[in-house]
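Visitor: To be precise about what I am sending: the file is called model.cif and holds mmCIF, C-alpha atoms and all ligand atoms.
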data_structure
loop_
_atom_site.label_atom_id
_atom_site.label_comp_id
_atom_site.auth_asym_id
_atom_site.auth_seq_id
_atom_site.Cartn_x
_atom_site.Cartn_y
_atom_site.Cartn_z
CA MET L 404 0.00 0.00 0.00
CA PHE L 405 3.07 2.24 0.11
CA GLY L 406 4.19 1.43 -3.45
CA SER L 407 3.79 5.01 -4.66
CA LEU L 408 5.55 6.32 -1.59
CA ALA L 409 8.47 3.93 -2.16
CA ARG L 410 8.86 5.12 -5.75
CA ARG L 411 8.72 8.75 -4.68
CA LEU L 412 11.29 8.19 -1.95
CA ARG L 413 13.64 6.48 -4.41
CA TRP L 414 13.42 9.54 -6.68
CA LEU L 415 14.48 11.55 -3.65
CA GLY L 416 17.46 9.31 -2.95
CA TYR L 417 16.09 7.27 -0.06
CA ASP L 418 17.00 3.58 0.10
CA ALA L 419 13.38 2.39 0.13
CA GLU L 420 12.63 -1.30 -0.23
CA TYR L 421 8.96 -2.16 -0.66
CA ARG L 422 7.34 -5.50 0.11
CA SER L 423 3.63 -6.01 0.50
CA ASP L 424 3.69 -9.78 0.15
CA LEU L 425 5.41 -10.75 3.38
CA PRO L 426 4.02 -11.57 6.80
CA ASP L 427 4.80 -9.10 9.60
CA GLU L 428 7.37 -11.34 11.26
CA GLU L 429 9.40 -11.61 8.07
CA MET L 430 9.30 -7.85 7.43
CA ILE L 431 10.38 -7.21 11.00
CA ALA L 432 13.29 -9.64 10.56
CA ILE L 433 14.39 -8.04 7.28
CA ALA L 434 14.18 -4.54 8.73
CA ALA L 435 16.27 -5.59 11.74
CA ARG L 436 18.84 -7.43 9.63
CA GLU L 437 19.28 -4.56 7.17
CA GLY L 438 18.96 -1.74 9.71
CA ARG L 439 15.81 -0.39 8.07
CA LEU L 440 12.97 1.67 9.42
CA LEU L 441 9.74 -0.27 8.95
CA VAL L 442 7.07 2.12 7.62
CA THR L 443 3.56 0.87 8.23
CA ARG L 444 -0.09 1.88 8.47
CA ASP L 445 -0.57 -0.84 11.07
CA ARG L 446 -0.60 0.96 14.41
CA GLY L 447 -0.26 -2.31 16.31
CA LEU L 448 2.78 -3.37 14.33
CA ALA L 449 4.45 0.01 14.79
CA ALA L 450 3.90 -0.15 18.55
CA ARG L 451 5.43 -3.58 19.03
CA ARG L 452 8.36 -3.73 21.39
CA GLY L 453 11.74 -3.90 19.72
CA VAL L 454 10.44 -2.94 16.28
CA HIS L 455 12.05 0.12 14.72
CA ALA L 456 8.97 1.39 12.91
CA LEU L 457 7.22 4.53 11.77
CA PHE L 458 3.42 4.64 11.73
CA LEU L 459 2.02 6.74 8.88
CA ALA L 460 -1.67 7.55 9.19
CA ALA L 461 -2.03 9.61 6.01
CA ALA L 462 -3.73 8.05 2.99
CA ASP L 463 -2.44 10.54 0.42
CA LEU L 464 1.03 10.41 -1.05
CA GLU L 465 2.02 14.02 -0.41
CA THR L 466 1.23 13.85 3.28
CA GLN L 467 2.89 10.44 3.64
CA CYS L 468 6.01 11.82 2.01
CA GLN L 469 6.04 14.91 4.24
CA GLU L 470 5.52 12.88 7.41
CA LEU L 471 8.26 10.45 6.51
CA MET L 472 10.76 13.15 5.58
CA ALA L 473 9.94 15.00 8.80
CA ALA L 474 10.67 11.82 10.74
CA VAL L 475 13.90 10.74 9.07
CA GLY L 476 15.29 13.95 7.57
CA PRO L 477 16.52 14.60 4.03
CA SER L 478 18.14 11.73 2.16
CA GLY L 479 21.12 13.72 0.94
CA ALA L 480 21.72 11.00 -1.65
CA ALA L 481 21.32 10.71 -5.39
CA ALA L 482 18.13 9.31 -6.92
CA ARG L 483 17.75 5.53 -6.94
CA CYS L 484 15.96 3.30 -9.44
CA THR L 485 12.26 3.88 -8.85
CA VAL L 486 11.41 0.37 -9.98
CA CYS L 487 13.80 -1.80 -7.96
CA ASN L 488 15.57 0.58 -5.53
CA GLY L 489 18.97 -0.14 -7.10
CA GLU L 490 21.68 2.51 -7.14
CA LEU L 491 22.15 4.48 -10.35
CA ALA L 492 25.54 4.74 -12.02
CA SER L 493 26.52 7.31 -14.61
CA LEU L 494 26.26 5.96 -18.16
CA PRO L 495 28.35 7.66 -20.88
CA ALA L 496 26.16 9.00 -23.70
CA ALA L 497 28.09 6.88 -26.18
CA GLU L 498 27.05 3.75 -24.29
CA ALA L 499 23.41 4.82 -24.12
CA ALA L 500 22.99 4.32 -27.88
CA GLY L 501 20.34 1.69 -28.39
CA LEU L 502 19.24 1.88 -24.77
CA ALA L 503 17.00 4.96 -25.07
CA PRO L 504 14.63 6.28 -27.77
CA ALA L 505 16.26 8.15 -30.67
CA TYR L 506 14.73 11.51 -29.69
CA VAL L 507 16.18 11.16 -26.22
CA LEU L 508 19.62 10.29 -27.57
CA ARG L 509 19.46 13.39 -29.78
CA THR L 510 18.48 15.75 -26.97
CA GLN L 511 20.12 14.37 -23.82
CA THR L 512 23.77 14.13 -22.85
CA GLU L 513 23.43 12.68 -19.35
CA PHE L 514 22.34 9.12 -18.67
CA ALA L 515 22.37 6.81 -15.71
CA ARG L 516 21.81 3.09 -15.41
CA CYS L 517 20.44 1.05 -12.55
CA THR L 518 23.15 -1.21 -11.18
CA ARG L 519 20.53 -3.81 -10.24
CA CYS L 520 17.92 -4.02 -13.03
CA ARG L 521 19.90 -2.19 -15.77
CA ARG L 522 17.07 0.27 -16.51
CA VAL L 523 18.34 3.45 -18.19
CA TYR L 524 17.43 6.94 -16.90
CA TRP L 525 17.90 10.47 -18.17
CA PRO L 526 16.87 13.96 -16.95
CA GLY L 527 13.17 14.57 -17.47
CA THR L 528 11.30 17.60 -18.71
CA HIS L 529 8.22 17.36 -16.51
CA TRP L 530 9.75 15.93 -13.37
CA PRO L 531 12.82 17.58 -11.87
CA GLY L 532 14.47 14.20 -11.65
CA LEU L 533 14.77 11.46 -14.15
CA GLN L 534 12.81 9.68 -16.84
CA THR L 535 13.15 6.10 -17.91
CA TRP L 536 12.24 3.89 -20.77
CA ARG L 537 11.73 0.17 -20.57
CA THR L 538 14.62 -1.52 -22.36
ZN ZN L 601 16.48 -0.90 -11.05
#
Since I need it in another form, could you write the structure as structure tokens?

Guide:
Amino acid sequence: MFGSLARRLRWLGYDAEYRSDLPDEEMIAIAAREGRLLVTRDRGLAARRGVHALFLAAADLETQCQELMAAVGPSGAAARCTVCNGELASLPAAEAAGLAPAYVLRTQTEFARCTRCRRVYWPGTHWPGLQTWRT
């Protein structure tokens, strides 16, 4: 239920894993093992002893994002892959040939590639971040 929030946070440079298919105990274990803050709309889960969690009550994305950023502070990191949360690495324009649409290759000089899923990104016109194209 926080899929949109996870994607937004990745744009903003937060290391945001998103799993909606796991039982609570498994998510708690993963969060503990990887030193993650567990973000949940389950007040009971957030209140459990020994669980490092943040309860978000808001249903809308903007408020969720504001509440989370108020709780954890700015990311201070570069954007991550919005699809898989992988880190992005700079991709030389010469190597982007064939990996982005022709009009993008003609107009853009900066590219980045996800180190995990290999998706290619470039600066967007409508979003002050990055755009991607399924390769
Ligand atoms: Zn990726």

Visitor: Give as a ChimeraX atom specification the residues surrounding ligand ZN 601 (chain L) up to a distance of 6 Å, considering all atoms listed in the file.

Guide: /L:484,486-489,517,519-522

Visitor: I'd like the interatomic distance between CA of Leu471 in chain L and CA of Leu415 in chain L, to a tenth of an Å.

Guide: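 A separation of 12.0 Å between them.
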
Visitor: Considering all atoms listed in the file, return as a PDB file with C-alpha atoms, in the frame of the given file whatever protein or nucleic-acid residues lie within 9 Å of Ala481 in chain L, sequence-local ones (same chain, fewer than 6 positions apart) excluded.

Guide:
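The resulting selection_10.pdb:
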ATOM      1  CA  ARG L 413      13.640   6.480  -4.410  1.00  0.00           C
ATOM      2  CA  TRP L 414      13.420   9.540  -6.680  1.00  0.00           C
ATOM      3  CA  LEU L 415      14.480  11.550  -3.650  1.00  0.00           C
ATOM      4  CA  GLY L 416      17.460   9.310  -2.950  1.00  0.00           C
ATOM      5  CA  TYR L 417      16.090   7.270  -0.060  1.00  0.00           C
ATOM      6  CA  GLU L 490      21.680   2.510  -7.140  1.00  0.00           C
ATOM      7  CA  LEU L 491      22.150   4.480 -10.350  1.00  0.00           C
TER       8      LEU L 491
END

Visitor: Record the distance separating CA of Ala462 in chain L and CA of Asp445 in chain L, expressed in Å with one decimal.

Guide: 12.4 Å

Visitor: Pick out the closest residue to Leu459 in chain L from this set: L:Ser478, L:Ser423, L:Thr518, L:Thr443. Count only C-alpha atoms.

Guide: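 Closest residue, counting only C-alpha atoms: L:Thr443.
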
Visitor: Using all atoms listed in the file, determine which residues lie at most 12 Å from range 432-436 of chain L, disregarding the query and same-chain residues fewer than 3 positions distant; provide the list as a PDB file with C-alpha atoms, in the coordinates of the input.

Guide:
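Heads up, here's the output in result_27.pdb:
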ATOM      1  CA  ALA L 419      13.380   2.390   0.130  1.00  0.00           C
ATOM      2  CA  GLU L 420      12.630  -1.300  -0.230  1.00  0.00           C
ATOM      3  CA  TYR L 421       8.960  -2.160  -0.660  1.00  0.00           C
ATOM      4  CA  ARG L 422       7.340  -5.500   0.110  1.00  0.00           C
ATOM      5  CA  LEU L 425       5.410 -10.750   3.380  1.00  0.00           C
ATOM      6  CA  PRO L 426       4.020 -11.570   6.800  1.00  0.00           C
ATOM      7  CA  ASP L 427       4.800  -9.100   9.600  1.00  0.00           C
ATOM      8  CA  GLU L 428       7.370 -11.340  11.260  1.00  0.00           C
ATOM      9  CA  GLU L 429       9.400 -11.610   8.070  1.00  0.00           C
ATOM     10  CA  ARG L 439      15.810  -0.390   8.070  1.00  0.00           C
ATOM     11  CA  LEU L 440      12.970   1.670   9.420  1.00  0.00           C
ATOM     12  CA  LEU L 441       9.740  -0.270   8.950  1.00  0.00           C
ATOM     13  CA  VAL L 442       7.070   2.120   7.620  1.00  0.00           C
ATOM     14  CA  THR L 443       3.560   0.870   8.230  1.00  0.00           C
ATOM     15  CA  GLY L 453      11.740  -3.900  19.720  1.00  0.00           C
ATOM     16  CA  VAL L 454      10.440  -2.940  16.280  1.00  0.00           C
ATOM     17  CA  HIS L 455      12.050   0.120  14.720  1.00  0.00           C
ATOM     18  CA  ALA L 456       8.970   1.390  12.910  1.00  0.00           C
ATOM     19  CA  LEU L 457       7.220   4.530  11.770  1.00  0.00           C
TER      20      LEU L 457
END

Visitor: I want to know what sits within 10 Å of Ala499 in chain L, based on all atoms listed in the file, with residues of the same chain fewer than 3 positions away left out; could you give that as a ChimeraX atom specification?

Guide: /L:494-496,502-504,507-508,512-516,523-525

Visitor: Distance CA of Ala500 in chain L-CA of Asp418 in chain L, one decimal place?

Guide: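 Taking CA of Ala500 in chain L and CA of Asp418 in chain L, their separation equals 28.6 Å.
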
Visitor: Between L:Ala492, L:Ala450, L:Leu408, L:Ile431, single out the one closest to Met472 in chain L, counting only C-alpha atoms.

Guide: L:Leu408

Visitor: For range 405-435 of chain L, where the input has fewer atoms than it should, I would like N, CA and C atoms rebuilt and written as a PDB file, keeping the file's coordinate frame.

Guide:
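Result written to rebuild.pdb:
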ATOM      1  N   PHE L 405       2.165   1.095   0.165  1.00  0.00           N
ATOM      2  CA  PHE L 405       3.070   2.240   0.110  1.00  0.00           C
ATOM      3  C   PHE L 405       3.923   2.203  -1.167  1.00  0.00           C
ATOM      4  N   GLY L 406       3.423   1.535  -2.213  1.00  0.00           N
ATOM      5  CA  GLY L 406       4.190   1.430  -3.450  1.00  0.00           C
ATOM      6  C   GLY L 406       4.521   2.774  -4.051  1.00  0.00           C
ATOM      7  N   SER L 407       3.548   3.670  -4.105  1.00  0.00           N
ATOM      8  CA  SER L 407       3.790   5.010  -4.660  1.00  0.00           C
ATOM      9  C   SER L 407       4.766   5.788  -3.798  1.00  0.00           C
ATOM     10  N   LEU L 408       4.634   5.634  -2.504  1.00  0.00           N
ATOM     11  CA  LEU L 408       5.550   6.320  -1.590  1.00  0.00           C
ATOM     12  C   LEU L 408       6.974   5.805  -1.790  1.00  0.00           C
ATOM     13  N   ALA L 409       7.130   4.503  -1.948  1.00  0.00           N
ATOM     14  CA  ALA L 409       8.470   3.930  -2.160  1.00  0.00           C
ATOM     15  C   ALA L 409       9.096   4.500  -3.429  1.00  0.00           C
ATOM     16  N   ARG L 410       8.306   4.572  -4.493  1.00  0.00           N
ATOM     17  CA  ARG L 410       8.860   5.120  -5.750  1.00  0.00           C
ATOM     18  C   ARG L 410       9.258   6.579  -5.582  1.00  0.00           C
ATOM     19  N   ARG L 411       8.405   7.345  -4.901  1.00  0.00           N
ATOM     20  CA  ARG L 411       8.720   8.750  -4.680  1.00  0.00           C
ATOM     21  C   ARG L 411       9.998   8.892  -3.852  1.00  0.00           C
ATOM     22  N   LEU L 412      10.110   8.097  -2.824  1.00  0.00           N
ATOM     23  CA  LEU L 412      11.290   8.190  -1.950  1.00  0.00           C
ATOM     24  C   LEU L 412      12.551   7.819  -2.700  1.00  0.00           C
ATOM     25  N   ARG L 413      12.463   6.857  -3.610  1.00  0.00           N
ATOM     26  CA  ARG L 413      13.640   6.480  -4.410  1.00  0.00           C
ATOM     27  C   ARG L 413      14.058   7.642  -5.294  1.00  0.00           C
ATOM     28  N   TRP L 414      13.096   8.345  -5.884  1.00  0.00           N
ATOM     29  CA  TRP L 414      13.420   9.540  -6.680  1.00  0.00           C
ATOM     30  C   TRP L 414      14.231  10.506  -5.833  1.00  0.00           C
ATOM     31  N   LEU L 415      13.868  10.590  -4.559  1.00  0.00           N
ATOM     32  CA  LEU L 415      14.480  11.550  -3.650  1.00  0.00           C
ATOM     33  C   LEU L 415      15.776  11.037  -3.032  1.00  0.00           C
ATOM     34  N   GLY L 416      16.185   9.832  -3.405  1.00  0.00           N
ATOM     35  CA  GLY L 416      17.460   9.310  -2.950  1.00  0.00           C
ATOM     36  C   GLY L 416      17.399   8.425  -1.715  1.00  0.00           C
ATOM     37  N   TYR L 417      16.201   8.143  -1.228  1.00  0.00           N
ATOM     38  CA  TYR L 417      16.090   7.270  -0.060  1.00  0.00           C
ATOM     39  C   TYR L 417      16.216   5.802  -0.498  1.00  0.00           C
ATOM     40  N   ASP L 418      16.885   5.021   0.324  1.00  0.00           N
ATOM     41  CA  ASP L 418      17.000   3.580   0.100  1.00  0.00           C
ATOM     42  C   ASP L 418      15.702   2.960   0.613  1.00  0.00           C
ATOM     43  N   ALA L 419      14.728   2.805  -0.274  1.00  0.00           N
ATOM     44  CA  ALA L 419      13.380   2.390   0.130  1.00  0.00           C
ATOM     45  C   ALA L 419      12.995   1.059  -0.514  1.00  0.00           C
ATOM     46  N   GLU L 420      13.097  -0.007   0.262  1.00  0.00           N
ATOM     47  CA  GLU L 420      12.630  -1.300  -0.230  1.00  0.00           C
ATOM     48  C   GLU L 420      11.124  -1.362   0.023  1.00  0.00           C
ATOM     49  N   TYR L 421      10.407  -2.065  -0.820  1.00  0.00           N
ATOM     50  CA  TYR L 421       8.960  -2.160  -0.660  1.00  0.00           C
ATOM     51  C   TYR L 421       8.512  -3.599  -0.833  1.00  0.00           C
ATOM     52  N   ARG L 422       7.883  -4.145   0.186  1.00  0.00           N
ATOM     53  CA  ARG L 422       7.340  -5.500   0.110  1.00  0.00           C
ATOM     54  C   ARG L 422       5.945  -5.497   0.711  1.00  0.00           C
ATOM     55  N   SER L 423       4.989  -5.942  -0.042  1.00  0.00           N
ATOM     56  CA  SER L 423       3.630  -6.010   0.500  1.00  0.00           C
ATOM     57  C   SER L 423       3.177  -7.460   0.597  1.00  0.00           C
ATOM     58  N   ASP L 424       4.071  -8.365   0.244  1.00  0.00           N
ATOM     59  CA  ASP L 424       3.690  -9.780   0.150  1.00  0.00           C
ATOM     60  C   ASP L 424       4.212 -10.623   1.300  1.00  0.00           C
ATOM     61  N   LEU L 425       4.796  -9.975   2.298  1.00  0.00           N
ATOM     62  CA  LEU L 425       5.410 -10.750   3.380  1.00  0.00           C
ATOM     63  C   LEU L 425       4.637 -10.620   4.679  1.00  0.00           C
ATOM     64  N   PRO L 426       4.642 -11.673   5.477  1.00  0.00           N
ATOM     65  CA  PRO L 426       4.020 -11.570   6.800  1.00  0.00           C
ATOM     66  C   PRO L 426       4.828 -10.630   7.694  1.00  0.00           C
ATOM     67  N   ASP L 427       4.156 -10.076   8.711  1.00  0.00           N
ATOM     68  CA  ASP L 427       4.800  -9.100   9.600  1.00  0.00           C
ATOM     69  C   ASP L 427       6.135  -9.583  10.139  1.00  0.00           C
ATOM     70  N   GLU L 428       6.156 -10.836  10.611  1.00  0.00           N
ATOM     71  CA  GLU L 428       7.370 -11.340  11.260  1.00  0.00           C
ATOM     72  C   GLU L 428       8.566 -11.299  10.303  1.00  0.00           C
ATOM     73  N   GLU L 429       8.309 -11.608   9.033  1.00  0.00           N
ATOM     74  CA  GLU L 429       9.400 -11.610   8.070  1.00  0.00           C
ATOM     75  C   GLU L 429       9.874 -10.187   7.772  1.00  0.00           C
ATOM     76  N   MET L 430       8.913  -9.247   7.669  1.00  0.00           N
ATOM     77  CA  MET L 430       9.300  -7.850   7.430  1.00  0.00           C
ATOM     78  C   MET L 430      10.083  -7.305   8.620  1.00  0.00           C
ATOM     79  N   ILE L 431       9.669  -7.660   9.801  1.00  0.00           N
ATOM     80  CA  ILE L 431      10.380  -7.210  11.000  1.00  0.00           C
ATOM     81  C   ILE L 431      11.818  -7.750  10.987  1.00  0.00           C
ATOM     82  N   ALA L 432      11.963  -9.016  10.595  1.00  0.00           N
ATOM     83  CA  ALA L 432      13.290  -9.640  10.560  1.00  0.00           C
ATOM     84  C   ALA L 432      14.173  -8.966   9.515  1.00  0.00           C
ATOM     85  N   ILE L 433      13.618  -8.687   8.343  1.00  0.00           N
ATOM     86  CA  ILE L 433      14.390  -8.040   7.280  1.00  0.00           C
ATOM     87  C   ILE L 433      14.815  -6.642   7.717  1.00  0.00           C
ATOM     88  N   ALA L 434      13.878  -5.897   8.294  1.00  0.00           N
ATOM     89  CA  ALA L 434      14.180  -4.540   8.730  1.00  0.00           C
ATOM     90  C   ALA L 434      15.303  -4.547   9.775  1.00  0.00           C
ATOM     91  N   ALA L 435      15.243  -5.503  10.693  1.00  0.00           N
ATOM     92  CA  ALA L 435      16.270  -5.590  11.740  1.00  0.00           C
ATOM     93  C   ALA L 435      17.611  -5.973  11.136  1.00  0.00           C
TER      94      ALA L 435
END
